[in-house]
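Okay, start-v9.txt is below, compact mmCIF, C-alpha atoms and all ligand atoms:
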# COMPACT_ATOMS: atom_id res chain seq x y z
CA MET A 206 -21.79 -31.07 0.06
CA ARG A 207 -20.54 -33.16 2.99
CA SER A 208 -23.23 -35.30 4.63
CA LYS A 209 -21.75 -34.50 8.07
CA GLY A 210 -19.93 -31.33 9.04
CA ILE A 211 -16.26 -31.24 10.06
CA PRO A 212 -14.87 -30.08 13.45
CA GLU A 213 -14.33 -26.32 13.71
CA GLU A 214 -10.57 -26.72 14.29
CA ASP A 215 -10.18 -28.76 11.13
CA LEU A 216 -12.26 -26.28 9.22
CA PHE A 217 -10.15 -23.31 10.27
CA SER A 218 -6.93 -25.14 9.75
CA PHE A 219 -8.12 -25.80 6.17
CA LEU A 220 -9.18 -22.15 5.71
CA GLN A 221 -5.90 -20.82 7.08
CA SER A 222 -3.74 -23.05 4.95
CA THR A 223 -5.81 -22.16 1.87
CA LYS A 224 -5.38 -18.46 2.61
CA LEU A 225 -1.62 -18.97 2.47
CA GLN A 226 -2.03 -19.52 -1.29
CA ASP A 227 -2.99 -15.82 -1.59
CA LYS A 228 -0.29 -13.29 -2.43
CA ASN A 229 1.23 -11.45 0.51
CA HIS A 230 0.33 -7.74 0.55
CA ARG A 231 3.98 -6.97 1.15
CA PHE A 232 4.57 -7.77 -2.51
CA ILE A 233 1.30 -6.52 -4.04
CA LEU A 234 2.12 -3.38 -6.01
CA SER A 235 -0.61 -3.74 -8.61
CA SER A 236 -3.84 -3.33 -6.66
CA MET A 237 -6.12 -0.36 -6.09
CA CYS A 238 -7.32 -2.02 -2.88
CA THR A 239 -5.30 -2.17 0.30
CA ILE A 240 -5.18 -3.72 3.75
CA PRO A 241 -8.20 -2.22 5.51
CA HIS A 242 -7.56 0.21 8.34
CA PRO A 243 -7.97 -1.52 11.76
CA VAL A 244 -10.92 0.73 12.69
CA ALA A 245 -12.67 -0.35 9.48
CA VAL A 246 -12.21 -4.00 10.41
CA ARG A 247 -13.53 -3.39 13.92
CA ALA A 248 -16.53 -1.42 12.70
CA HIS A 249 -17.27 -4.00 10.00
CA ALA A 250 -17.28 -6.79 12.58
CA LEU A 251 -19.72 -4.79 14.75
CA PHE A 252 -22.20 -4.47 11.86
CA MET A 253 -21.55 -7.87 10.28
CA GLU A 254 -25.18 -9.05 10.21
CA THR A 255 -26.79 -5.81 9.08
CA ASN A 256 -28.57 -5.55 5.73
CA LEU A 257 -29.10 -2.13 4.19
CA GLY A 258 -31.40 -3.74 1.64
CA ASP A 259 -34.15 -3.47 4.26
CA PRO A 260 -33.16 -0.26 6.04
CA GLY A 261 -36.24 -0.06 8.25
CA LEU A 262 -34.90 -3.08 10.14
CA PHE A 263 -31.53 -1.41 10.65
CA PRO A 264 -32.24 2.31 11.13
CA GLY A 265 -28.97 2.84 12.98
CA THR A 266 -26.91 1.34 10.17
CA ALA A 267 -28.97 3.28 7.62
CA SER A 268 -28.13 6.50 9.47
CA LEU A 269 -24.41 5.63 9.12
CA GLU A 270 -24.89 5.34 5.36
CA ARG A 271 -26.54 8.79 5.28
CA THR A 272 -23.66 10.21 7.33
CA LEU A 273 -21.12 8.62 4.99
CA ILE A 274 -22.81 10.21 1.95
CA SER A 275 -23.03 13.54 3.73
CA ARG A 276 -19.33 13.47 4.77
CA ILE A 277 -18.22 12.67 1.23
CA GLY A 278 -20.70 15.16 -0.26
CA THR A 279 -19.20 17.87 1.94
CA LEU A 280 -15.70 16.81 0.90
CA PHE A 281 -16.91 17.16 -2.72
CA HIS A 282 -18.34 20.67 -2.07
CA HIS A 283 -22.00 19.64 -1.98
CA PRO A 284 -23.13 18.87 1.57
CA ASP A 285 -26.67 18.16 0.31
CA ALA A 286 -25.56 15.56 -2.21
CA CYS A 287 -27.65 12.42 -2.12
CA GLY A 288 -26.56 8.90 -2.94
CA TYR A 289 -25.94 5.49 -1.47
CA ALA A 290 -23.23 2.94 -0.75
CA THR A 291 -22.62 0.62 -3.70
CA THR A 292 -20.44 -2.45 -4.05
CA GLY A 293 -17.77 -0.37 -5.80
CA GLY A 294 -16.92 1.62 -8.89
CA THR A 295 -18.53 -0.83 -11.29
CA GLU A 296 -21.96 -0.58 -9.68
CA SER A 297 -21.68 3.21 -9.28
CA ASN A 298 -20.84 3.62 -12.96
CA ILE A 299 -23.66 1.30 -14.05
CA GLN A 300 -26.12 3.24 -11.92
CA ALA A 301 -24.90 6.65 -13.15
CA LEU A 302 -25.43 5.56 -16.74
CA ARG A 303 -28.86 4.14 -15.95
CA ILE A 304 -29.83 7.49 -14.42
CA ALA A 305 -28.48 9.40 -17.42
CA ARG A 306 -30.41 7.21 -19.83
CA ALA A 307 -33.62 7.34 -17.77
CA THR A 308 -33.59 11.11 -17.39
CA ALA A 309 -32.59 11.94 -20.98
CA GLY A 310 -35.49 10.15 -22.67
CA ILE A 311 -33.55 9.67 -25.93
CA ALA A 312 -34.64 6.86 -28.27
CA SER A 313 -31.13 5.69 -29.37
CA PRO A 314 -28.80 7.10 -26.73
CA ASN A 315 -25.01 7.12 -26.70
CA VAL A 316 -22.49 7.62 -23.90
CA VAL A 317 -19.16 9.36 -24.52
CA ILE A 318 -16.23 8.10 -22.45
CA PRO A 319 -12.45 8.62 -22.51
CA GLU A 320 -10.42 5.72 -23.91
CA SER A 321 -8.86 5.47 -20.44
CA ALA A 322 -12.21 4.68 -18.80
CA HIS A 323 -12.42 1.59 -16.62
CA PHE A 324 -13.88 -1.50 -18.31
CA SER A 325 -16.94 -1.20 -16.07
CA PHE A 326 -18.31 1.29 -18.62
CA LYS A 327 -18.24 -1.40 -21.27
CA LYS A 328 -20.28 -3.63 -18.97
CA ALA A 329 -22.64 -0.76 -18.17
CA CYS A 330 -23.26 0.18 -21.82
CA ASP A 331 -23.75 -3.44 -22.73
CA MET A 332 -26.22 -4.01 -19.90
CA ILE A 333 -28.34 -0.96 -20.54
CA GLY A 334 -28.11 -1.13 -24.32
CA VAL A 335 -26.54 2.23 -25.13
CA GLU A 336 -23.86 2.97 -27.72
CA MET A 337 -20.43 3.58 -26.17
CA ARG A 338 -18.24 6.16 -27.88
CA SER A 339 -14.64 6.00 -26.76
CA VAL A 340 -12.44 9.08 -27.27
CA PRO A 341 -8.63 8.92 -27.65
CA LEU A 342 -6.24 10.57 -25.22
CA THR A 343 -3.60 13.24 -25.74
CA ARG A 344 0.08 12.56 -25.19
CA ASP A 345 -0.33 13.24 -21.46
CA TYR A 346 -2.91 10.44 -21.13
CA ARG A 347 -5.84 12.78 -20.50
CA VAL A 348 -8.81 12.67 -22.83
CA ASP A 349 -8.51 14.86 -25.93
CA CYS A 350 -11.13 17.53 -25.23
CA GLU A 351 -11.56 18.64 -28.83
CA ARG A 352 -12.13 15.11 -30.13
CA TYR A 353 -14.36 14.40 -27.15
CA LEU A 354 -16.70 17.25 -28.02
CA GLU A 355 -16.77 16.12 -31.65
CA SER A 356 -18.17 12.77 -30.45
CA VAL A 357 -21.02 14.37 -28.53
CA ASP A 358 -24.28 14.82 -30.45
CA ALA A 359 -28.00 15.24 -29.91
CA ASN A 360 -28.28 11.56 -28.90
CA THR A 361 -25.65 11.77 -26.15
CA CYS A 362 -27.37 10.98 -22.83
CA CYS A 363 -24.20 10.98 -20.75
CA MET A 364 -20.70 12.43 -20.83
CA VAL A 365 -18.10 10.77 -18.59
CA GLY A 366 -14.80 12.11 -17.24
CA ILE A 367 -12.25 10.24 -15.12
CA ALA A 368 -10.64 11.73 -12.02
CA GLY A 369 -7.72 9.38 -11.45
CA THR A 370 -7.51 6.90 -14.33
CA THR A 371 -7.02 3.26 -13.45
CA GLU A 372 -3.96 2.75 -15.61
CA TYR A 373 -2.08 6.09 -15.54
CA GLY A 374 -3.50 8.01 -12.58
CA MET A 375 -4.49 11.04 -14.64
CA VAL A 376 -7.37 13.48 -14.25
CA ASP A 377 -9.28 14.45 -17.40
CA PRO A 378 -10.08 18.11 -18.18
CA ILE A 379 -13.19 17.87 -16.01
CA ARG A 380 -13.81 21.64 -15.84
CA SER A 381 -14.07 22.00 -19.64
CA LEU A 382 -16.15 18.86 -20.07
CA ALA A 383 -18.50 19.83 -17.24
CA ALA A 384 -18.97 23.34 -18.67
CA TYR A 385 -19.85 21.92 -22.08
CA ALA A 386 -22.22 19.33 -20.60
CA ARG A 387 -23.99 22.05 -18.62
CA LYS A 388 -24.34 24.30 -21.65
CA GLU A 389 -25.83 21.45 -23.69
CA GLY A 390 -27.97 20.07 -20.84
CA ILE A 391 -26.21 16.68 -20.89
CA PHE A 392 -25.76 14.55 -17.76
CA PHE A 393 -22.07 14.54 -16.77
CA HIS A 394 -20.71 11.73 -14.60
CA VAL A 395 -17.25 11.76 -13.00
CA ASP A 396 -15.62 8.43 -12.23
CA ALA A 397 -13.51 9.29 -9.19
CA ALA A 398 -13.57 5.70 -7.89
CA PHE A 399 -9.85 5.99 -7.22
CA GLY A 400 -9.12 9.74 -7.24
CA GLY A 401 -12.09 10.74 -5.11
CA MET A 402 -10.29 9.72 -1.92
CA VAL A 403 -7.01 11.31 -3.06
CA LEU A 404 -7.64 14.63 -4.84
CA PRO A 405 -9.59 16.39 -2.02
CA PHE A 406 -6.55 15.89 0.22
CA LEU A 407 -3.92 17.23 -2.19
CA LYS A 408 -2.94 20.88 -2.44
CA GLY A 409 -3.42 22.27 -5.96
CA ALA A 410 -5.17 19.14 -7.26
CA PRO A 411 -7.24 19.45 -10.45
CA GLU A 412 -10.93 20.22 -9.92
CA PHE A 413 -13.30 17.30 -10.39
CA ASP A 414 -16.24 17.60 -8.02
CA PHE A 415 -19.60 19.32 -7.44
CA SER A 416 -17.87 22.72 -7.21
CA LEU A 417 -18.12 22.51 -11.02
CA PRO A 418 -21.81 23.18 -11.76
CA GLY A 419 -22.03 20.69 -14.67
CA VAL A 420 -20.99 17.68 -12.57
CA MET A 421 -24.17 15.70 -11.88
CA SER A 422 -22.83 12.51 -10.31
CA ILE A 423 -19.60 11.11 -8.87
CA ALA A 424 -18.41 7.55 -8.21
CA VAL A 425 -15.95 7.18 -5.33
CA ASP A 426 -14.69 4.01 -3.64
CA PRO A 427 -13.88 3.95 0.06
CA HIS A 428 -12.57 0.39 -0.48
CA LYS A 429 -9.72 1.82 -2.53
CA MET A 430 -7.90 4.83 -1.02
CA GLY A 431 -10.55 5.12 1.73
CA MET A 432 -9.00 2.02 3.38
CA SER A 433 -12.39 0.51 4.12
CA THR A 434 -13.26 -3.15 4.08
CA ILE A 435 -14.60 -4.52 0.79
CA PRO A 436 -17.20 -3.86 -0.65
CA ALA A 437 -17.51 -0.11 -0.20
CA GLY A 438 -18.25 2.20 -3.08
CA CYS A 439 -20.43 5.30 -3.15
CA LEU A 440 -22.49 6.98 -5.83
CA LEU A 441 -23.24 10.64 -5.17
CA LEU A 442 -25.78 12.72 -7.06
CA ARG A 443 -26.21 16.47 -7.24
CA ASN A 444 -30.03 16.12 -7.41
CA GLU A 445 -32.21 13.68 -5.53
CA LYS A 446 -34.73 13.48 -8.36
CA ASP A 447 -32.07 11.92 -10.58
CA LEU A 448 -31.48 9.11 -8.10
CA CYS A 449 -35.24 8.64 -7.71
CA SER A 450 -35.52 8.04 -11.46
CA LEU A 451 -34.27 4.50 -10.66
CA SER A 452 -36.85 3.77 -7.96
CA VAL A 453 -38.75 0.50 -8.09
CA ASP A 454 -41.55 -0.66 -5.79
CA THR A 455 -40.47 -3.02 -3.01
CA PRO A 456 -43.83 -4.02 -1.50
CA TYR A 457 -42.72 -6.57 1.11
CA LEU A 458 -39.88 -4.52 2.66
CA THR A 459 -39.88 -1.89 5.39
CA VAL A 460 -39.39 0.79 2.71
CA LYS A 461 -41.74 0.79 -0.23
CA GLN A 462 -39.25 1.84 -2.91
CA GLU A 463 -35.53 1.44 -3.58
CA PHE A 464 -33.15 2.86 -6.19
CA THR A 465 -30.16 0.59 -5.52
CA LEU A 466 -28.91 -2.09 -7.91
CA SER A 467 -28.27 -4.79 -5.31
CA GLY A 468 -31.11 -5.80 -3.02
CA THR A 469 -29.32 -7.17 0.03
CA ARG A 470 -26.50 -4.74 0.89
CA PRO A 471 -23.79 -4.97 3.55
CA GLY A 472 -23.92 -2.52 6.46
CA GLY A 473 -20.53 -3.74 7.72
CA SER A 474 -18.39 -2.14 5.05
CA VAL A 475 -20.46 1.07 5.23
CA ALA A 476 -19.68 1.26 8.94
CA GLY A 477 -16.06 0.47 8.04
CA ALA A 478 -15.88 3.26 5.46
CA LEU A 479 -17.35 5.84 7.82
CA ALA A 480 -15.16 4.65 10.69
CA VAL A 481 -11.98 5.45 8.76
CA LEU A 482 -13.15 8.96 7.86
CA GLU A 483 -14.28 9.70 11.42
CA TYR A 484 -11.16 8.26 13.01
CA LEU A 485 -8.61 9.93 10.75
CA GLY A 486 -10.47 13.14 9.98
CA TYR A 487 -9.37 15.39 7.13
CA GLU A 488 -5.86 15.80 8.53
CA GLY A 489 -5.30 12.09 9.01
CA MET A 490 -6.51 11.30 5.48
CA ALA A 491 -4.33 14.08 4.07
CA ALA A 492 -1.31 12.58 5.85
CA VAL A 493 -2.00 9.13 4.35
CA VAL A 494 -2.47 10.59 0.87
CA GLU A 495 0.65 12.76 1.15
CA GLY A 496 2.61 9.66 2.20
CA CYS A 497 1.37 7.75 -0.86
CA MET A 498 2.26 10.65 -3.17
CA LYS A 499 5.71 10.95 -1.60
CA ASN A 500 6.27 7.22 -2.14
CA THR A 501 5.10 7.57 -5.75
CA ARG A 502 7.65 10.34 -6.37
CA ARG A 503 10.41 8.34 -4.68
CA LEU A 504 9.56 5.28 -6.79
CA ILE A 505 9.65 7.34 -10.00
CA ASN A 506 13.01 8.90 -9.07
CA GLY A 507 14.45 5.54 -8.02
CA MET A 508 13.35 3.83 -11.23
CA GLU A 509 14.76 6.69 -13.30
CA SER A 510 18.11 6.20 -11.60
CA TYR A 511 18.16 2.72 -13.20
CA GLY A 512 17.22 4.16 -16.58
CA ILE A 513 13.57 3.05 -16.33
CA ARG A 514 11.64 6.08 -17.56
CA PRO A 515 8.18 7.12 -16.29
CA VAL A 516 5.43 7.39 -18.89
CA VAL A 517 3.76 10.46 -17.31
CA THR A 518 3.83 12.48 -14.11
CA PRO A 519 0.61 11.18 -12.51
CA ASP A 520 -2.00 13.32 -10.73
CA VAL A 521 -2.56 10.55 -8.18
CA ASN A 522 -0.49 7.70 -6.74
CA VAL A 523 -0.24 5.46 -9.82
CA ALA A 524 3.23 5.24 -11.39
CA THR A 525 3.82 3.91 -14.91
CA PHE A 526 7.09 3.12 -16.66
CA LYS A 527 8.40 2.16 -20.06
CA ALA A 528 8.60 -1.57 -19.31
CA PRO A 529 12.09 -3.04 -18.95
CA GLU A 530 13.01 -5.98 -21.23
CA SER A 531 13.06 -8.70 -18.58
CA PRO A 532 10.18 -9.28 -16.15
CA VAL A 533 10.12 -7.74 -12.68
CA PRO A 534 11.65 -10.24 -10.23
CA SER A 535 9.38 -12.55 -8.30
CA PRO A 536 7.60 -12.39 -5.85
CA TRP A 537 6.82 -8.72 -6.65
CA GLN A 538 3.35 -8.36 -8.16
CA VAL A 539 3.19 -5.50 -10.65
CA SER A 540 0.78 -4.99 -13.54
CA TYR A 541 1.01 -3.86 -17.15
CA THR A 542 -1.25 -1.41 -18.94
CA ARG A 543 -2.86 -2.10 -22.30
CA ASN A 544 0.14 -0.26 -23.82
CA ASN A 545 2.47 -2.66 -22.01
CA HIS A 546 3.68 -0.04 -19.54
CA LEU A 547 4.75 -1.29 -16.13
CA ARG A 548 2.20 -0.01 -13.57
CA ILE A 549 2.57 0.31 -9.81
CA VAL A 550 -0.09 1.66 -7.44
CA CYS A 551 1.41 3.18 -4.30
CA MET A 552 -1.42 2.24 -1.93
CA PRO A 553 -1.13 2.81 1.83
CA HIS A 554 0.22 -0.73 2.38
CA VAL A 555 3.04 0.03 -0.10
CA HIS A 556 4.94 2.06 2.48
CA ALA A 557 8.38 3.67 2.15
CA GLY A 558 10.21 0.51 3.31
CA ILE A 559 8.48 -1.56 0.64
CA ILE A 560 9.35 0.96 -2.07
CA GLU A 561 13.02 0.79 -1.01
CA ALA A 562 13.00 -3.03 -0.97
CA PHE A 563 11.41 -3.07 -4.42
CA LEU A 564 13.95 -0.57 -5.77
CA GLU A 565 16.74 -2.70 -4.36
CA ALA A 566 15.36 -5.76 -6.16
CA ILE A 567 15.04 -3.74 -9.36
CA GLY A 568 18.60 -2.48 -8.92
CA GLU A 569 19.91 -6.04 -8.61
CA GLN A 570 18.02 -7.05 -11.76
CA TYR A 571 18.68 -4.08 -14.04
CA ALA A 572 21.51 -1.89 -12.75
N1 LIG B 1 -13.43 3.16 -11.93
C1 LIG B 1 -12.10 3.29 -11.77
C2 LIG B 1 -11.44 4.58 -12.14
C3 LIG B 1 -11.35 2.23 -11.26
O1 LIG B 1 -10.01 2.37 -11.13
C4 LIG B 1 -12.00 1.03 -10.92
C5 LIG B 1 -11.24 -0.12 -10.40
O2 LIG B 1 -10.05 -0.12 -10.31
C6 LIG B 1 -13.40 0.94 -11.09
C7 LIG B 1 -14.07 2.02 -11.61
C8 LIG B 1 -14.14 -0.33 -10.74
O3 LIG B 1 -14.20 -0.45 -9.35
P1 LIG B 1 -14.64 -1.83 -8.67
O4 LIG B 1 -13.59 -2.84 -9.05
O5 LIG B 1 -14.67 -1.48 -7.22
O6 LIG B 1 -15.97 -2.18 -9.20

Would you give me this structure, written as structure tokens?
Amino acid sequence: MRSKGIPEEDLFSFLQSTKLQDKNHRFILSSMCTIPHPVAVRAHALFMETNLGDPGLFPGTASLERTLISRIGTLFHHPDACGYATTGGTESNIQALRIARATAGIASPNVVIPESAHFSFKKACDMIGVEMRSVPLTRDYRVDCERYLESVDANTCCMVGIAGTTEYGMVDPIRSLAAYARKEGIFFHVDAAFGGMVLPFLKGAPEFDFSLPGVMSIAVDPHKMGMSTIPAGCLLLRNEKDLCSLSVDTPYLTVKQEFTLSGTRPGGSVAGALAVLEYLGYEGMAAVVEGCMKNTRRLINGMESYGIRPVVTPDVNVATFKAPESPVPSPWQVSYTRNNHLRIVCMPHVHAGIIEAFLEAIGEQYA
């Protein structure tokens, strides 16, 4: 570390020039995060110093977290859902699996996940020492229900379904999986980290939430399609007692127990997440989501006009293509799935003008 500090102007000139090394969002087509909504930034700044790890010191901020959970619970057809704000999908998935393992009381438990599951499940299973059983997908990139159920046995502590897969934007057959889990008394977790802020706003979207009685927990990330500042995830539970299964004593804090994974937790991004929902309301969110879906369809049609075929028709705003021979022109930032399919996420910052500019660049390269 420097023995003496540097002048503020020099410091910020250094920070600004370093930030220029980052990619410009104008060209980022590969991310499930986006430029935060201005009200999220403003709310985050207002709550910058708050710490939800000691909620008795910040009762106002803690009430915003409760309101956020209640708003999302209502959106997911369970106004009494409990839960808390996590750092994102990874933490929510880890916590859901910890709950499933704790409540099942099985000596050698396993968790059954679709092959399309986010790699956070690998981390989660590794951390908590449970066997991970990965089930192949059907041709439409949803999990194969029959093979899934064959993988479930008496040692299964948790079944997982994905509502909006990271790579292909598909929703698994959540209704069938949830019904089976309920019949067998197995904890069923839905990873809607991406789709949870998309599907409730789409007409005729596949069911994925607490309206299905077998669904016990849901991960959803406001820092993805919720346009919040980072980090903002949420874990929602049907039953409070399940969340309480994770409680540990916290003797020196203002609350005597906590069930969260992180200790110190930001209030700023929680305020940011709630601010977006309050400011836009259901109609405003639906308009954003409809715009993203429209851009996804336009991108798919435009790419097809150059002979670049989509892999599937996605349920949410993730478009995938049979990858062209030569790479996508710079500076466009796209990604590739594990099957080497070109993947583009039509986030709110990827607006119609950007889609057209990208298609033009693709046209020059491949037409
Ligand atoms: N689950 C799904 C479906 C995701 O798409 C992602 C990230 O893209 C995650 C979980 C992990 O979320 P995070 O990176 O916020 O931990």

Atom pair CA of Leu257 in chain A / CA of Gly473 in chain A: separation (Å):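 CA of Gly473 in chain A lies 9.4 Å from CA of Leu257 in chain A.
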
Kindly list the centre and edge lengths in Å, rounded to one decimal, for the axis-aligned box that covers all listed atoms of ligand LIG 1 (chain B) plus 5 Å on each of its six sides, as JSON.
{"center_x": -13.0, "center_y": 0.9, "center_z": -9.7, "size_x": 16.0, "size_y": 17.4, "size_z": 14.9}

Atomic distance CA of Ala397 in chain A - CA of Ile549 in chain A, expressed in Å with one decimal: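 Interatomic distance, CA of Ala397 in chain A to CA of Ile549 in chain A: 18.4 Å.
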
Might you pull out every residue within 8 Å of Ile391 in chain A, with all atoms listed in the file counted and same-chain residues fewer than 5 positions away left off, and present them as a PDB file with C-alpha atoms, in the coordinates of the input?
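Saved file around_23.pdb follows:
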ATOM      1  CA  ALA A 309     -32.590  11.940 -20.980  1.00  0.00           C
ATOM      2  CA  THR A 361     -25.650  11.770 -26.150  1.00  0.00           C
ATOM      3  CA  CYS A 362     -27.370  10.980 -22.830  1.00  0.00           C
ATOM      4  CA  CYS A 363     -24.200  10.980 -20.750  1.00  0.00           C
ATOM      5  CA  MET A 364     -20.700  12.430 -20.830  1.00  0.00           C
ATOM      6  CA  ALA A 386     -22.220  19.330 -20.600  1.00  0.00           C
TER       7      ALA A 386
END

Selection: 8 Å around range 432-439 of chain A, all atoms listed in the file, excl. self and same-chain fewer than 2 positions, as a PyMOL selection string: chain A and resi 238-242+245-246+249+274+288-294+297+398+424-430+441+471+474-475+477-478+481

Residue among A:Ala359, A:Val348, A:Val523, A:Ile379 lying closest to ligand LIG 1 (chain B), counting all atoms listed in the file: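 Of A:Ala359, A:Val348, A:Val523, A:Ile379, the one nearest ligand LIG 1 (chain B), counting all atoms listed in the file, is A:Val523.
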
Pick from A:Tyr353, A:Tyr385, A:Phe464, A:Phe263, whichever lies nearest to Ala301 in chain A using all atoms listed in the file: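 Closest candidate: A:Phe464.
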
Coordinates-based distance that separates CA of Ser235 in chain A from CA of Cys551 in chain A (Å, one decimal):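 Atom-to-atom, CA of Cys551 in chain A and CA of Ser235 in chain A are spaced 8.4 Å apart.
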
Counting all atoms listed in the file, the option among A:Gly507, A:Gly278, A:Gly366, A:Gly489 closest to ligand LIG 1 (chain B): A:Gly366

Nearest candidate to Asn545 in chain A (options A:Lys527, A:Arg502, A:His283, A:Arg271; using only C-alpha atoms):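 Looking at the shortest contact to Asn545 in chain A, the residue is A:Lys527.
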
From A:Leu440, A:Ile277, A:Leu354, A:Val335, residue lying nearest Pro405 in chain A [all atoms listed in the file]: A:Ile277

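Among A:Pro341, A:Pro456, A:Gly468, A:Gly401, the residue with the shortest atom-to-atom distance to ligand LIG 1 (chain B), counting all atoms listed in the file, is A:Gly401.
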
List the neighbours of Gly486 in chain A out to 12 Å using only C-alpha atoms; skip same-chain residues closer than 6 positions along the sequence, and give me the result as a PDB file with C-alpha atoms, keeping the file's coordinate frame.
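Produced file result.pdb, reproduced below:
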ATOM      1  CA  ARG A 276     -19.330  13.470   4.770  1.00  0.00           C
ATOM      2  CA  ILE A 277     -18.220  12.670   1.230  1.00  0.00           C
ATOM      3  CA  LEU A 280     -15.700  16.810   0.900  1.00  0.00           C
ATOM      4  CA  PHE A 406      -6.550  15.890   0.220  1.00  0.00           C
ATOM      5  CA  GLY A 431     -10.550   5.120   1.730  1.00  0.00           C
ATOM      6  CA  LEU A 479     -17.350   5.840   7.820  1.00  0.00           C
ATOM      7  CA  ALA A 480     -15.160   4.650  10.690  1.00  0.00           C
ATOM      8  CA  ALA A 492      -1.310  12.580   5.850  1.00  0.00           C
ATOM      9  CA  VAL A 493      -2.000   9.130   4.350  1.00  0.00           C
TER      10      VAL A 493
END

Give me the residues near Val376 in chain A as a PDB file with C-alpha atoms, in the coordinates of the input, where near means some atom within 7 Å (using all atoms listed in the file) and where sequence neighbours in that chain fewer than 3 positions away do not count.
ATOM      1  CA  ARG A 347      -5.840  12.780 -20.500  1.00  0.00           C
ATOM      2  CA  ILE A 367     -12.250  10.240 -15.120  1.00  0.00           C
ATOM      3  CA  ALA A 368     -10.640  11.730 -12.020  1.00  0.00           C
ATOM      4  CA  GLY A 369      -7.720   9.380 -11.450  1.00  0.00           C
ATOM      5  CA  THR A 370      -7.510   6.900 -14.330  1.00  0.00           C
ATOM      6  CA  ASP A 520      -2.000  13.320 -10.730  1.00  0.00           C
TER       7      ASP A 520
END

Surrounding residues of Val516 in chain A excluding itself and chain neighbours under 6 positions, 9 Å, only C-alpha atoms, as a ChimeraX atom specification: /A:345,373,524-527,546
